[in-house]
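Structure, as structure tokens:
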Amino acid sequence: MSADPLHALASAGKGESTRGLLRVIILALIAGASIASRLFSVIRFESIIHEFDPWFNFRATKYLVANGFYNFWDWFDDRTWHPLGRVTGGTLYPGLMVTSGAIYHALRTLTIPVDIRNICVLLAPAFSGLTAIAAYLLTNEMTPSSSAGLLAALFMGIAPGYISRSVAGSYDNEAIAIFLLVFTFYLWIKALKQGSMLWGALCALFYGYMVASWGGYAFITCLLPLHSFVLICMGRYSTRLYVAYTTWYALGTLASMQIPFVGFLPVKTSEHMPALGIFGFLQLLAFLDYVRSAIPSRQFQTFLWLFAGGTFGIGLLGLVIATSAGVIAPWSGRFYSLWDTGYAKIHIPIIASVSEHQPTAWPAFFFDLNMLIWLFPVGVYLCFQQLADEHVFIVVYALFGSYFAGVMVRLMLTLTPVVCVAAAIAVSTLLDTYLSTKSPKPEESQAAEAAEGKKGKSGLKSTSKPVVGIYSIWGRSMMVSALAVYLLLFVLHCTWVTSNAYSSPSVVLASRLPDGSQHIIDDYREAYQWLRQNTREDAKIMSWWDYGYQIGGMADRPTLVDNNTWNNTHIATVGKAMSSSEEVSYPIMRQHEVDYVLVVFGGLLGYSGDDINKFLWMVRIAEGIWPDEVSERSFFTPRGEYRVDGEATETMKNSLMYKMSYYNYNTLFPPGKAVDRVRGVHLPDVGPTLSTMEEAFTSENWIIRIYKVKDLDNLGRDHMSAAAFDRGQKKKKATKKRGPRLLRVE
Amino acid sequence: MRLLAILDDVADKENYSKFLGDLESRGFQISFENPKSESLALFHLGERSYDHVILFPTKAKGLGPNLTPNILVDFMNANGNILVTLSSGVAVPSSLVSLLSELDIQLPTDRTGLVVDHFNFDAASAADKHDVLVLAPPSPIRPDVKDFFGAGADKNEALAFPRGVGAALGASELLTPILRAPRTAYSYNPKEQTEVADDLFAAGEQLALVSAFQARNSARLTLVGSAEMLQDKWFDAEVSQADGKKAAKTFNREFAKRVSGWTFNEIGVVRVNWIEHHLDEAGATNESNPTIYRIKNDVKYTISLSEYAWTTWTPFTTPATDALQLEFSMLSPFHRLALKPDNNSNNNGASDAAVYSTTFKLPDQHGIFNFKINHKRPFLSNVEEKNTVSVRHMAHDEWPRSFVITGAWPWIAGVGVTVAGWVGFCALWMYSAPVGGKGGVKKTQ
């Protein structure tokens with residue numbers, strides 16, 4: 001390239017309109033990049049819904065598209081939680097499904113027939129593009145430098161912390177919720193800055209959309225009042241704040257109450273009380289403000305004290321009474337577990353059993369955010385330096401978000417936006433400083449120094465500001481190139497993480513063959529397909545709740561429990577059936593009309609996420625409801641080990657889960673060589689026997705095993721003796737010298 | 001109806017000619033087989049070759065490879081019926097012993113036993129041995145059980161039970177004694193206890209002489225303790241009671257007919273013709289058998305039942321002391337209602353069916369419920385019907401509107417007052433003139 005076009009290009013970039021155009025193009029490219037980097041999973045595997053929850057969302061979306069909105073709204077789902085059923089329409093966040101349904105219908109009206117599955121698969125990447133733009137807008141409110149916005153958009157687009165929940169196929173609430181979160185924050189800042197009712201109303205609108213989409217809306221519900229409270233405490237109460245907050249709160253709360261699942265929670269539960277409290281507090285402040293302008297300051301002092309004391313007393317009294325009377329629900333268990341990470345493990349095993357509810361490990365921060373994590377404090381520091389209202393927001397958000405991200409792995413997601421914004425501010429400040437071609441002329445600086453000197457005549461010499469800075473091209477280019485290398489490394493890291501860690505559908509497992517080629521392990525779909533094709537339409541499948549959504553979505557069969565863990569007792573019932581002996585489990589399964597039982601067994605393949613490894617959670621959850629009948633202790637050997645080999649406890653060996661996992665397993669191996677590759681132990685030579693159920697299906701790699709529950713014996717015998725009879729064992733004469741015979745009384 | 005009779009010697013069938021002739025006249029095609037016969041097979045290509053089997057006493061120790069207990073159990077599982085007859089003179093084949101013990105029927109040890117009664121014996125034929133029991137025709141074991149076997153018997157008629165084996169029934173709910181021994185009867189081993197019968201197998205009413213077993217799939221097995229009572233000579237014989245009462249005609253022929261008829265599904269078979277349930281509310285479409293209802297709906301459930309009596313289907317009626325019950329259940333019953341005969345219901349003019357129905361309000365609990373009929377009575381084939389329906393919650397537009405609820409009026413009034421007040425305030429604000437020049441600096445928001 002010759003120098004002339006370059007020059008022309010450089011000069012072209014100076015015009016305001018050209019810059020605007022460039023910005024739009026860059027933003028479009030960033031959005032494109034963020035979509036593209038989320039498509040690994042589609043390319044590696046196929047266009048498939050991932051993991052667990054997305055399968056429910058997908059199923060719900062199909063229902064919405066097939067039956068229309070009102071049927072969806074009133075949907076009573078009789079194919080989950082058998083036989084309780086689930087009022088699904090009233091217990092979900094409909095935002096995601098309605099969004100995809102709207103896109104689907106919009107495309108159809110445009111005569112573009114797209115399969116609803118493809119819309120669902122690609123929704124998360126599409127919204128990640130919007131998130132990048134929202135991050136740009138939010139950052140632009142923080143700093144005049146537009147490069148910060150673009151950097152924030154870029155970071156947001158490819159940060160693994162966000163990608164983890166938004167790859168193609170990850171059709172979960174978070175897919176759209178993060179966009180709504182960032183955009184709501186942008187609108188809040190806008191409303192606060194301008195004191196505008198319009199922006200406040202827009203903020204409330206998007207807040208309503210957020211409430212409709214994700215349970216994490218409580219994060220906004222708590223963060224905005226906290227921001228306002230901090231502002232008030234800093235003495236920054238203003239009518240702008242009053243207008244923005246009251247508009248948002250009144251409209252937003254009304255909007256949120258339209259969602260059936262939320263209903264009256266905003267006025268009933270403790271999580272929503274801060275927002276209500278600040279709303280009331282702002283009214284008082286506005287009133288005081290008015291009174292101060294109306295009466296002399298001396299009287300105002302007394303008035304203020306009386307008023308403040310009285311209000312505080314009445315408020316506290318009201319809160320105590322309302323809480324003790326049960327009008328306001330006390331803090332929920334999930335909330336406590338946010339403060340005390342050990343709380344859930346002791347009191348609510350069902351929450352603790354979910355891996356994404358575990359406290360975050362340190363490496364996860366570096367893994368998910370890479371260099372942003374050390375740029376993040378810099379950005380927060382820069383915000384401190386300016387500390388306008390909006391910068392206070394970033395500071396508050398940073399503190400709040402970091403805490404919660406440390407408590408729960410899942411909440412890394414809510415931290416990511418603020419990290420991206422703060423890091424972008426930091427990087428852009430650095431770049432702006434070092435890329436600026438201006439260097440102060442010596443005489444100018446001297447003049448400036450002289451001016452300084454005049455002003456601060458009496459000051460110490462050291463307080464006078466000398467002209468410092470790096471003006472040499474060499475130093476600047478060092479700095480800039482180092483930063484550029486970091487940025488490139490960041491892109492590399494993000495791509496690597498996305499491709500390796502976050503793009504597996506987990507429904508399909510991939511492994512490498514010795515020659516390096518990819519081998520797909522498709523046991524899940526194989527088993528679900530088997531269920532779909534070989535069982536009755538209404539055959540009830542019992543499995544641990546992890547697989548409930550997948551069975552409902554892929555096998556289309558009713559399940560007893562699923563990932564919507566709304567009924568702990570029902571889950572504990574399944575846990576009890578799994579962890580008890582056949583004699584105890586069989587009546588439970590009969591009562592719940594179970595036809596098939598599905599277990600996941602990784603022993604052959606070395607797949608560690610199997611049911612035997614989850615088994616202790618089942619035991620714990622069951623023990624929580626039936627402490628007399630199920631005891632975790634009895635699954636451990638006297639030395640306190642959890643074993644599955646010959647040394648396993650009798651309770652363990654007799655439990656249904658153990659029997660179903662290892663039934664016939666030793667026939668795969670030569671005698672005495674049966675080995676469990678997950679636990680790495682040798683199994684006893686004689687495998688368990690099952691009499692109340694029979695093996696119906698075992699997948700190729702033995703990951704999924706399905707058992708059919710036998711009907712009651714036709715001749716009225718118990719299953720043990722019926723099975724013994726079938727094996728040809730003669731019944732022992734019961735009457736022979738075994739005490740008096742039981743007489744018939746009728 | 002294909003009936004297989006297992007006999008040691010086909011010539012033996014002459015002894016049972018009347019019994020078998022009765023069966024044939026009722027339409028059974030009887031094939032005779034020796035248990036040792038190679039061609040004997042209860043199943044052909046996985047299907048039953050015979051509908052019913054009758055086993056006469058055989059001398060064989062076992063019954064051979066074609067009649068193992070497992071095959072007999074499979075036969076019952078495939079809805080085949082078996083009539084087993086025993087005789088004290090012949091040791092019970094081990095195959096039968098183990099089959100019966102699976103059904104919770106205990107036979108005397110060493111496969112031999114004899115029931116005697118020193119008070120109720122036939123003075124004519126067993127004056128010394130007391131091993132021909134003379135019994136009154138059986139009466140129902142419970143008042144709510146239909147009398148299938150002794151109904152209509154003449155007072156003068158008596159049942160002869162010659163040289164039979166008694167069985168002890170376990171607690172299985174599928175077992176019912178048809179004929180029980182009198183209180184004074186007992187069972188002993190005539191081979192071992194020739195001198196003193198001190199170790200009795202069982203005595204009195206615990207000793208079942210004729211007993212019935214009905215499996216869950218309504219396959220039936222009847223155990224007749226004395227094959228001899230089915231023989232021609234006892235059909236026409238006259239017996240005289242021990243206490244010197246006058247001679248009585250035997251009831252055996254009619255009893256044999258009823259016992260075989262019951263075993264081979266000629267009586268006591270209940271059929272469900274149809275089941276219908278629908279919304280029972282004014283203005284509803286009353287579609288038949290919907291899959292989903294709403295909580296607190298009024299629902300009507302109707303069932304049509306017939307009972308087979310020898311040759312025809314007749315309306316099924318329950319004894320006055322019993323009731324046909326409907327359960328509406330999810331995990332446990334929410335309703336358990338007695339069904340009432342419904343004469344108004346459109347029965348399509350059928351005179352062979354009885355229609356029962358009930359109406360009720362669904363519980364205030366959504367879920368997947370079953371209309372469940374679980375009618376299991378002795379001697380009647382099992383009626384177990386389950387119709388699954390979902391009961392959904394109230395849809396968003398099915399609640400009463402706010403203005404219908406009187407309690408909501410203060411709130412509605414509150415809304416109205418607020419709106420009116422705000423509009424009024426705005427009007428006041430807009431039309432009131434500014435106070436003056438100083439008013440101009442008044443804060444506006």
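Numbering starts fresh at 1 for the residues of each chain in the structure tokens, the chains themselves are lettered A, B, ... in the order given, and ligands are numbered from 1 as they appear.
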
- Item | Contacts of segment 92-94 of chain B within 8 Å, only C-alpha atoms, excl. fewer than 2 positions in-chain, as an MDAnalysis selection string | chainID B and resid 57:63 86:87 90 96:98 111:112

May I have all residues of segment 101-233 of chain A that DSSP, computed from the backbone, assigns to helix (DSSP H, G or I), given as a short mmCIF file (atom, residue, chain, number, x, y, z; two decimals) with N, CA and C atoms, in the first residue's frame?
```cif
data_model
loop_
_atom_site.label_atom_id
_atom_site.label_comp_id
_atom_site.auth_asym_id
_atom_site.auth_seq_id
_atom_site.Cartn_x
_atom_site.Cartn_y
_atom_site.Cartn_z
N GLY A 101 -40.66 -17.29 20.53
CA GLY A 101 -41.93 -17.44 19.83
C GLY A 101 -42.20 -16.23 18.94
N ALA A 102 -41.90 -15.04 19.47
CA ALA A 102 -42.13 -13.82 18.68
C ALA A 102 -41.22 -13.81 17.45
N ILE A 103 -39.95 -14.20 17.64
CA ILE A 103 -39.04 -14.24 16.50
C ILE A 103 -39.55 -15.24 15.46
N TYR A 104 -40.01 -16.38 15.97
CA TYR A 104 -40.50 -17.43 15.07
C TYR A 104 -41.66 -16.91 14.21
N HIS A 105 -42.62 -16.26 14.91
CA HIS A 105 -43.77 -15.78 14.15
C HIS A 105 -43.41 -14.63 13.24
N ALA A 106 -42.49 -13.78 13.70
CA ALA A 106 -42.06 -12.67 12.85
C ALA A 106 -41.43 -13.22 11.58
N LEU A 107 -40.57 -14.22 11.73
CA LEU A 107 -39.92 -14.78 10.55
C LEU A 107 -40.93 -15.45 9.63
N ARG A 108 -41.94 -16.04 10.23
CA ARG A 108 -42.93 -16.70 9.38
C ARG A 108 -43.75 -15.69 8.60
N THR A 109 -44.06 -14.56 9.28
CA THR A 109 -44.80 -13.54 8.52
C THR A 109 -43.94 -12.99 7.39
N ILE A 116 -38.18 -24.05 14.73
CA ILE A 116 -38.12 -23.40 16.05
C ILE A 116 -36.86 -23.82 16.79
N ARG A 117 -36.39 -25.04 16.52
CA ARG A 117 -35.19 -25.50 17.20
C ARG A 117 -33.99 -24.61 16.84
N ASN A 118 -33.91 -24.24 15.56
CA ASN A 118 -32.77 -23.42 15.16
C ASN A 118 -32.84 -22.03 15.79
N ILE A 119 -34.07 -21.53 15.94
CA ILE A 119 -34.21 -20.24 16.62
C ILE A 119 -33.72 -20.38 18.06
N CYS A 120 -34.12 -21.45 18.69
CA CYS A 120 -33.73 -21.64 20.09
C CYS A 120 -32.22 -21.82 20.21
N VAL A 121 -31.66 -22.57 19.30
CA VAL A 121 -30.22 -22.81 19.38
C VAL A 121 -29.45 -21.50 19.19
N LEU A 122 -29.91 -20.67 18.27
CA LEU A 122 -29.12 -19.49 17.91
C LEU A 122 -29.55 -18.24 18.66
N LEU A 123 -30.51 -18.38 19.57
CA LEU A 123 -30.99 -17.18 20.27
C LEU A 123 -29.90 -16.57 21.15
N ALA A 124 -29.20 -17.44 21.88
CA ALA A 124 -28.19 -16.93 22.80
C ALA A 124 -27.08 -16.19 22.06
N PRO A 125 -26.51 -16.72 20.98
CA PRO A 125 -25.50 -15.95 20.24
C PRO A 125 -26.05 -14.63 19.73
N ALA A 126 -27.28 -14.65 19.22
CA ALA A 126 -27.85 -13.42 18.70
C ALA A 126 -27.94 -12.37 19.79
N PHE A 127 -28.38 -12.79 20.96
CA PHE A 127 -28.51 -11.81 22.04
C PHE A 127 -27.16 -11.38 22.57
N SER A 128 -26.14 -12.22 22.42
CA SER A 128 -24.83 -11.79 22.89
C SER A 128 -24.33 -10.62 22.05
N GLY A 129 -24.72 -10.58 20.77
CA GLY A 129 -24.38 -9.41 19.95
C GLY A 129 -25.01 -8.16 20.53
N LEU A 130 -26.27 -8.28 20.93
CA LEU A 130 -26.96 -7.14 21.53
C LEU A 130 -26.31 -6.75 22.85
N THR A 131 -25.86 -7.76 23.60
CA THR A 131 -25.22 -7.46 24.88
C THR A 131 -23.98 -6.62 24.66
N ALA A 132 -23.24 -6.97 23.62
CA ALA A 132 -22.03 -6.20 23.33
C ALA A 132 -22.39 -4.74 23.08
N ILE A 133 -23.47 -4.51 22.33
CA ILE A 133 -23.88 -3.13 22.05
C ILE A 133 -24.34 -2.43 23.32
N ALA A 134 -25.07 -3.19 24.18
CA ALA A 134 -25.53 -2.61 25.44
C ALA A 134 -24.33 -2.24 26.31
N ALA A 135 -23.31 -3.08 26.30
CA ALA A 135 -22.11 -2.77 27.08
C ALA A 135 -21.45 -1.50 26.55
N TYR A 136 -21.46 -1.34 25.24
CA TYR A 136 -20.91 -0.12 24.63
C TYR A 136 -21.66 1.10 25.13
N LEU A 137 -22.97 1.02 25.12
CA LEU A 137 -23.79 2.15 25.55
C LEU A 137 -23.54 2.46 27.02
N LEU A 138 -23.49 1.43 27.85
CA LEU A 138 -23.30 1.64 29.28
C LEU A 138 -21.96 2.30 29.54
N THR A 139 -20.92 1.80 28.87
CA THR A 139 -19.59 2.36 29.10
C THR A 139 -19.50 3.79 28.61
N ASN A 140 -20.19 4.07 27.52
CA ASN A 140 -20.18 5.44 27.01
C ASN A 140 -20.74 6.44 28.00
N GLU A 141 -21.62 5.96 28.88
CA GLU A 141 -22.16 6.84 29.90
C GLU A 141 -21.12 7.15 30.97
N MET A 142 -20.09 6.31 31.04
CA MET A 142 -19.12 6.45 32.13
C MET A 142 -17.99 7.39 31.76
N SER A 146 -14.81 7.30 23.53
CA SER A 146 -15.65 6.29 22.87
C SER A 146 -14.89 4.98 22.69
N SER A 147 -13.56 5.05 22.77
CA SER A 147 -12.82 3.80 22.61
C SER A 147 -13.13 2.87 23.77
N ALA A 148 -13.40 3.45 24.96
CA ALA A 148 -13.75 2.61 26.11
C ALA A 148 -14.98 1.78 25.80
N GLY A 149 -15.98 2.43 25.20
CA GLY A 149 -17.21 1.73 24.87
C GLY A 149 -16.95 0.58 23.92
N LEU A 150 -16.12 0.87 22.91
CA LEU A 150 -15.87 -0.19 21.93
C LEU A 150 -15.12 -1.35 22.58
N LEU A 151 -14.16 -0.99 23.44
CA LEU A 151 -13.43 -2.06 24.13
C LEU A 151 -14.37 -2.88 25.02
N ALA A 152 -15.24 -2.16 25.72
CA ALA A 152 -16.18 -2.87 26.59
C ALA A 152 -17.04 -3.81 25.77
N ALA A 153 -17.49 -3.33 24.62
CA ALA A 153 -18.30 -4.18 23.76
C ALA A 153 -17.52 -5.42 23.36
N LEU A 154 -16.25 -5.21 23.03
CA LEU A 154 -15.42 -6.34 22.61
C LEU A 154 -15.25 -7.33 23.76
N PHE A 155 -14.92 -6.80 24.93
CA PHE A 155 -14.72 -7.67 26.10
C PHE A 155 -15.99 -8.46 26.38
N MET A 156 -17.10 -7.72 26.38
CA MET A 156 -18.38 -8.35 26.70
C MET A 156 -18.68 -9.45 25.69
N GLY A 157 -18.31 -9.17 24.46
CA GLY A 157 -18.64 -10.12 23.41
C GLY A 157 -17.92 -11.45 23.56
N ILE A 158 -16.66 -11.40 24.04
CA ILE A 158 -15.92 -12.65 24.02
C ILE A 158 -15.46 -13.13 25.39
N PRO A 160 -15.16 -15.22 28.47
CA PRO A 160 -15.67 -16.58 28.71
C PRO A 160 -16.72 -16.64 29.80
N GLY A 161 -16.64 -15.73 30.76
CA GLY A 161 -17.61 -15.73 31.84
C GLY A 161 -19.03 -15.60 31.34
N TYR A 162 -19.19 -14.91 30.24
CA TYR A 162 -20.52 -14.77 29.66
C TYR A 162 -20.76 -15.86 28.62
N ILE A 163 -19.71 -16.19 27.88
CA ILE A 163 -19.87 -17.23 26.85
C ILE A 163 -20.31 -18.54 27.47
N ASN A 173 -32.36 -19.11 30.32
CA ASN A 173 -32.83 -17.76 30.64
C ASN A 173 -31.71 -16.73 30.57
N GLU A 174 -30.52 -17.14 31.01
CA GLU A 174 -29.40 -16.21 31.04
C GLU A 174 -29.07 -15.70 29.65
N ALA A 175 -29.43 -16.49 28.63
CA ALA A 175 -29.09 -16.12 27.26
C ALA A 175 -29.60 -14.72 26.94
N ILE A 176 -30.82 -14.40 27.37
CA ILE A 176 -31.29 -13.06 27.07
C ILE A 176 -31.18 -12.16 28.30
N ALA A 177 -31.07 -12.78 29.47
CA ALA A 177 -31.14 -11.97 30.69
C ALA A 177 -29.93 -11.05 30.83
N ILE A 178 -28.77 -11.50 30.38
CA ILE A 178 -27.58 -10.65 30.56
C ILE A 178 -27.68 -9.41 29.70
N PHE A 179 -28.21 -9.58 28.51
CA PHE A 179 -28.46 -8.40 27.69
C PHE A 179 -29.40 -7.44 28.41
N LEU A 180 -30.49 -7.99 28.95
CA LEU A 180 -31.47 -7.14 29.62
C LEU A 180 -30.88 -6.48 30.85
N LEU A 181 -30.02 -7.24 31.55
CA LEU A 181 -29.38 -6.69 32.74
C LEU A 181 -28.55 -5.46 32.38
N VAL A 182 -27.69 -5.63 31.38
CA VAL A 182 -26.80 -4.53 31.00
C VAL A 182 -27.60 -3.36 30.45
N PHE A 183 -28.61 -3.69 29.65
CA PHE A 183 -29.37 -2.61 29.03
C PHE A 183 -30.20 -1.87 30.07
N THR A 184 -30.74 -2.60 31.05
CA THR A 184 -31.49 -1.93 32.11
C THR A 184 -30.57 -1.00 32.90
N PHE A 185 -29.36 -1.44 33.14
CA PHE A 185 -28.41 -0.58 33.86
C PHE A 185 -28.10 0.67 33.03
N TYR A 186 -27.96 0.48 31.73
CA TYR A 186 -27.70 1.63 30.87
C TYR A 186 -28.84 2.63 30.97
N LEU A 187 -30.08 2.11 30.91
CA LEU A 187 -31.24 3.00 30.95
C LEU A 187 -31.34 3.67 32.32
N TRP A 188 -30.97 2.96 33.36
CA TRP A 188 -31.00 3.53 34.71
C TRP A 188 -30.04 4.69 34.80
N ILE A 189 -28.82 4.48 34.28
CA ILE A 189 -27.81 5.55 34.32
C ILE A 189 -28.31 6.75 33.53
N LYS A 190 -28.91 6.44 32.39
CA LYS A 190 -29.43 7.50 31.53
C LYS A 190 -30.51 8.28 32.29
N ALA A 191 -31.42 7.56 32.92
CA ALA A 191 -32.53 8.19 33.63
C ALA A 191 -31.98 9.02 34.80
N LEU A 192 -31.00 8.45 35.47
CA LEU A 192 -30.45 9.14 36.65
C LEU A 192 -29.72 10.40 36.23
N LYS A 193 -28.96 10.31 35.15
CA LYS A 193 -28.19 11.47 34.71
C LYS A 193 -29.09 12.62 34.29
N GLN A 194 -30.17 12.26 33.61
CA GLN A 194 -31.01 13.31 33.05
C GLN A 194 -32.21 13.62 33.94
N MET A 197 -38.17 11.20 33.23
CA MET A 197 -39.22 10.22 33.43
C MET A 197 -39.26 9.25 32.28
N LEU A 198 -38.98 9.74 31.07
CA LEU A 198 -39.03 8.86 29.90
C LEU A 198 -38.02 7.74 30.03
N TRP A 199 -36.77 8.11 30.36
CA TRP A 199 -35.75 7.08 30.49
C TRP A 199 -36.06 6.17 31.68
N GLY A 200 -36.63 6.76 32.74
CA GLY A 200 -37.02 5.94 33.89
C GLY A 200 -38.07 4.91 33.50
N ALA A 201 -39.03 5.37 32.69
CA ALA A 201 -40.09 4.46 32.27
C ALA A 201 -39.51 3.37 31.37
N LEU A 202 -38.58 3.77 30.47
CA LEU A 202 -37.94 2.77 29.62
C LEU A 202 -37.19 1.75 30.46
N CYS A 203 -36.51 2.29 31.49
CA CYS A 203 -35.76 1.42 32.40
C CYS A 203 -36.72 0.42 33.05
N ALA A 204 -37.88 0.91 33.49
CA ALA A 204 -38.86 0.03 34.13
C ALA A 204 -39.36 -1.00 33.15
N LEU A 205 -39.52 -0.58 31.89
CA LEU A 205 -40.00 -1.51 30.86
C LEU A 205 -39.02 -2.66 30.69
N PHE A 206 -37.76 -2.32 30.56
CA PHE A 206 -36.77 -3.39 30.37
C PHE A 206 -36.57 -4.19 31.65
N TYR A 207 -36.77 -3.51 32.78
CA TYR A 207 -36.74 -4.26 34.03
C TYR A 207 -37.86 -5.29 34.03
N GLY A 208 -39.03 -4.88 33.55
CA GLY A 208 -40.14 -5.83 33.47
C GLY A 208 -39.81 -7.00 32.57
N TYR A 209 -39.17 -6.73 31.46
CA TYR A 209 -38.74 -7.79 30.54
C TYR A 209 -37.75 -8.71 31.23
N MET A 210 -36.86 -8.10 32.00
CA MET A 210 -35.86 -8.87 32.74
C MET A 210 -36.55 -9.78 33.76
N VAL A 211 -37.54 -9.22 34.47
CA VAL A 211 -38.27 -10.03 35.46
C VAL A 211 -38.95 -11.20 34.76
N ALA A 212 -39.45 -10.93 33.56
CA ALA A 212 -40.12 -12.00 32.82
C ALA A 212 -39.15 -13.06 32.35
N SER A 213 -37.86 -12.75 32.42
CA SER A 213 -36.89 -13.65 31.80
C SER A 213 -36.07 -14.47 32.77
N TYR A 217 -33.37 -11.34 38.31
CA TYR A 217 -33.81 -9.93 38.31
C TYR A 217 -33.64 -9.30 39.68
N ALA A 218 -33.65 -10.18 40.73
CA ALA A 218 -33.50 -9.65 42.09
C ALA A 218 -32.19 -8.88 42.23
N PHE A 219 -31.23 -9.23 41.38
CA PHE A 219 -29.97 -8.51 41.40
C PHE A 219 -30.18 -7.03 41.08
N ILE A 220 -30.99 -6.75 40.06
CA ILE A 220 -31.31 -5.36 39.73
C ILE A 220 -32.13 -4.75 40.85
N THR A 221 -33.09 -5.53 41.33
CA THR A 221 -34.00 -5.02 42.36
C THR A 221 -33.23 -4.59 43.60
N CYS A 222 -32.09 -5.23 43.85
CA CYS A 222 -31.31 -4.84 45.02
C CYS A 222 -30.24 -3.81 44.68
N LEU A 223 -29.73 -3.88 43.46
CA LEU A 223 -28.60 -3.01 43.13
C LEU A 223 -29.04 -1.56 42.93
N LEU A 224 -30.17 -1.33 42.28
CA LEU A 224 -30.59 0.05 42.05
C LEU A 224 -30.91 0.76 43.37
N PRO A 225 -31.65 0.16 44.29
CA PRO A 225 -31.84 0.82 45.59
C PRO A 225 -30.53 1.05 46.32
N LEU A 226 -29.62 0.08 46.21
CA LEU A 226 -28.34 0.23 46.89
C LEU A 226 -27.58 1.42 46.34
N HIS A 227 -27.58 1.53 45.02
CA HIS A 227 -26.94 2.68 44.38
C HIS A 227 -27.57 3.98 44.87
N SER A 228 -28.90 4.01 44.88
CA SER A 228 -29.59 5.21 45.34
C SER A 228 -29.24 5.51 46.79
N PHE A 229 -29.20 4.47 47.58
CA PHE A 229 -28.93 4.65 49.00
C PHE A 229 -27.53 5.22 49.20
N VAL A 230 -26.57 4.66 48.45
CA VAL A 230 -25.20 5.17 48.56
C VAL A 230 -25.15 6.64 48.15
N LEU A 231 -25.87 6.96 47.09
CA LEU A 231 -25.89 8.36 46.63
C LEU A 231 -26.47 9.26 47.73
N ILE A 232 -27.55 8.81 48.35
CA ILE A 232 -28.18 9.62 49.40
C ILE A 232 -27.19 9.81 50.55
N CYS A 233 -26.52 8.71 50.91
CA CYS A 233 -25.58 8.79 52.02
C CYS A 233 -24.42 9.71 51.69
#
```

- Have a look at A:Ile348, A:Leu690, A:Leu241, A:Met478 and name the one nearest to chain B; count only C-alpha atoms. A:Leu241

- Task: Name the residues in contact with Gly152 of chain B at a cut-off of 12 Å, using only C-alpha atoms, excluding same-chain residues fewer than 6 positions from it; report them as a ChimeraX atom specification.
- Result: /B:137-139,251,254-255,258

Selection export as a CSV table (one decimal), in the first residue's frame, atoms kept: N, CA and C atoms:
```csv
chain,number,residue,atom,x,y,z
B,137,PRO,N,-74.8,-78.6,51.9
B,137,PRO,CA,-74.3,-77.8,50.7
B,137,PRO,C,-73.7,-76.5,51.3
B,138,PRO,N,-72.6,-76.0,50.6
B,138,PRO,CA,-71.8,-74.9,51.2
B,138,PRO,C,-72.7,-73.6,51.2
B,139,SER,N,-72.4,-72.8,52.3
B,139,SER,CA,-73.0,-71.5,52.3
B,139,SER,C,-71.9,-70.5,52.2
B,251,PHE,N,-76.0,-84.0,46.6
B,251,PHE,CA,-76.0,-82.8,45.8
B,251,PHE,C,-74.8,-82.7,44.9
B,254,GLU,N,-74.9,-81.4,41.0
B,254,GLU,CA,-75.1,-80.0,40.9
B,254,GLU,C,-73.8,-79.2,41.3
B,255,PHE,N,-73.3,-79.7,42.5
B,255,PHE,CA,-72.1,-79.1,43.0
B,255,PHE,C,-70.9,-79.2,42.0
B,258,ARG,N,-71.4,-76.8,39.3
B,258,ARG,CA,-71.1,-75.4,39.7
B,258,ARG,C,-69.6,-75.2,39.9
```

- Compile the contact shell of Lys155 of chain B as a ChimeraX atom specification: residues with an atom at most 10 Å away, counting only C-alpha atoms, same-chain residues fewer than 6 positions apart removed. /B:136-137,248-249

- Task: Excluding segment 374-381 of chain B and any residue of its chain fewer than 3 positions from it, enumerate the residues within 9 Å of it, using only C-alpha atoms, and give them as a PyMOL selection string.
- Result: chain B and resi 144-146+148+174-176+212-214+216-220+262+265+267-271+307+324-327+384-386

- Task: Up to 8 Å from chain A, what residues of chain B turn up? Count only C-alpha atoms and give them as number ranges by chain.
- Result: B: 70, 77, 98, 101-103, 106, 141-142, 169-174, 206, 215-217, 330-331, 366-369, 390, 392-396, 445

- Message: Give me the residues near Asn568 of chain A as a PyMOL selection string, where near means some atom within 9 Å (using only C-alpha atoms) and where sequence neighbours in that chain fewer than 6 positions away do not count.
- Response: chain A and resi 350+621+625

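Each of B:Leu179, B:Val239, B:Ala320, B:Ala203 was checked against Phe149 of chain B using only C-alpha atoms; the smallest atom-to-atom distance is that of B:Leu179.
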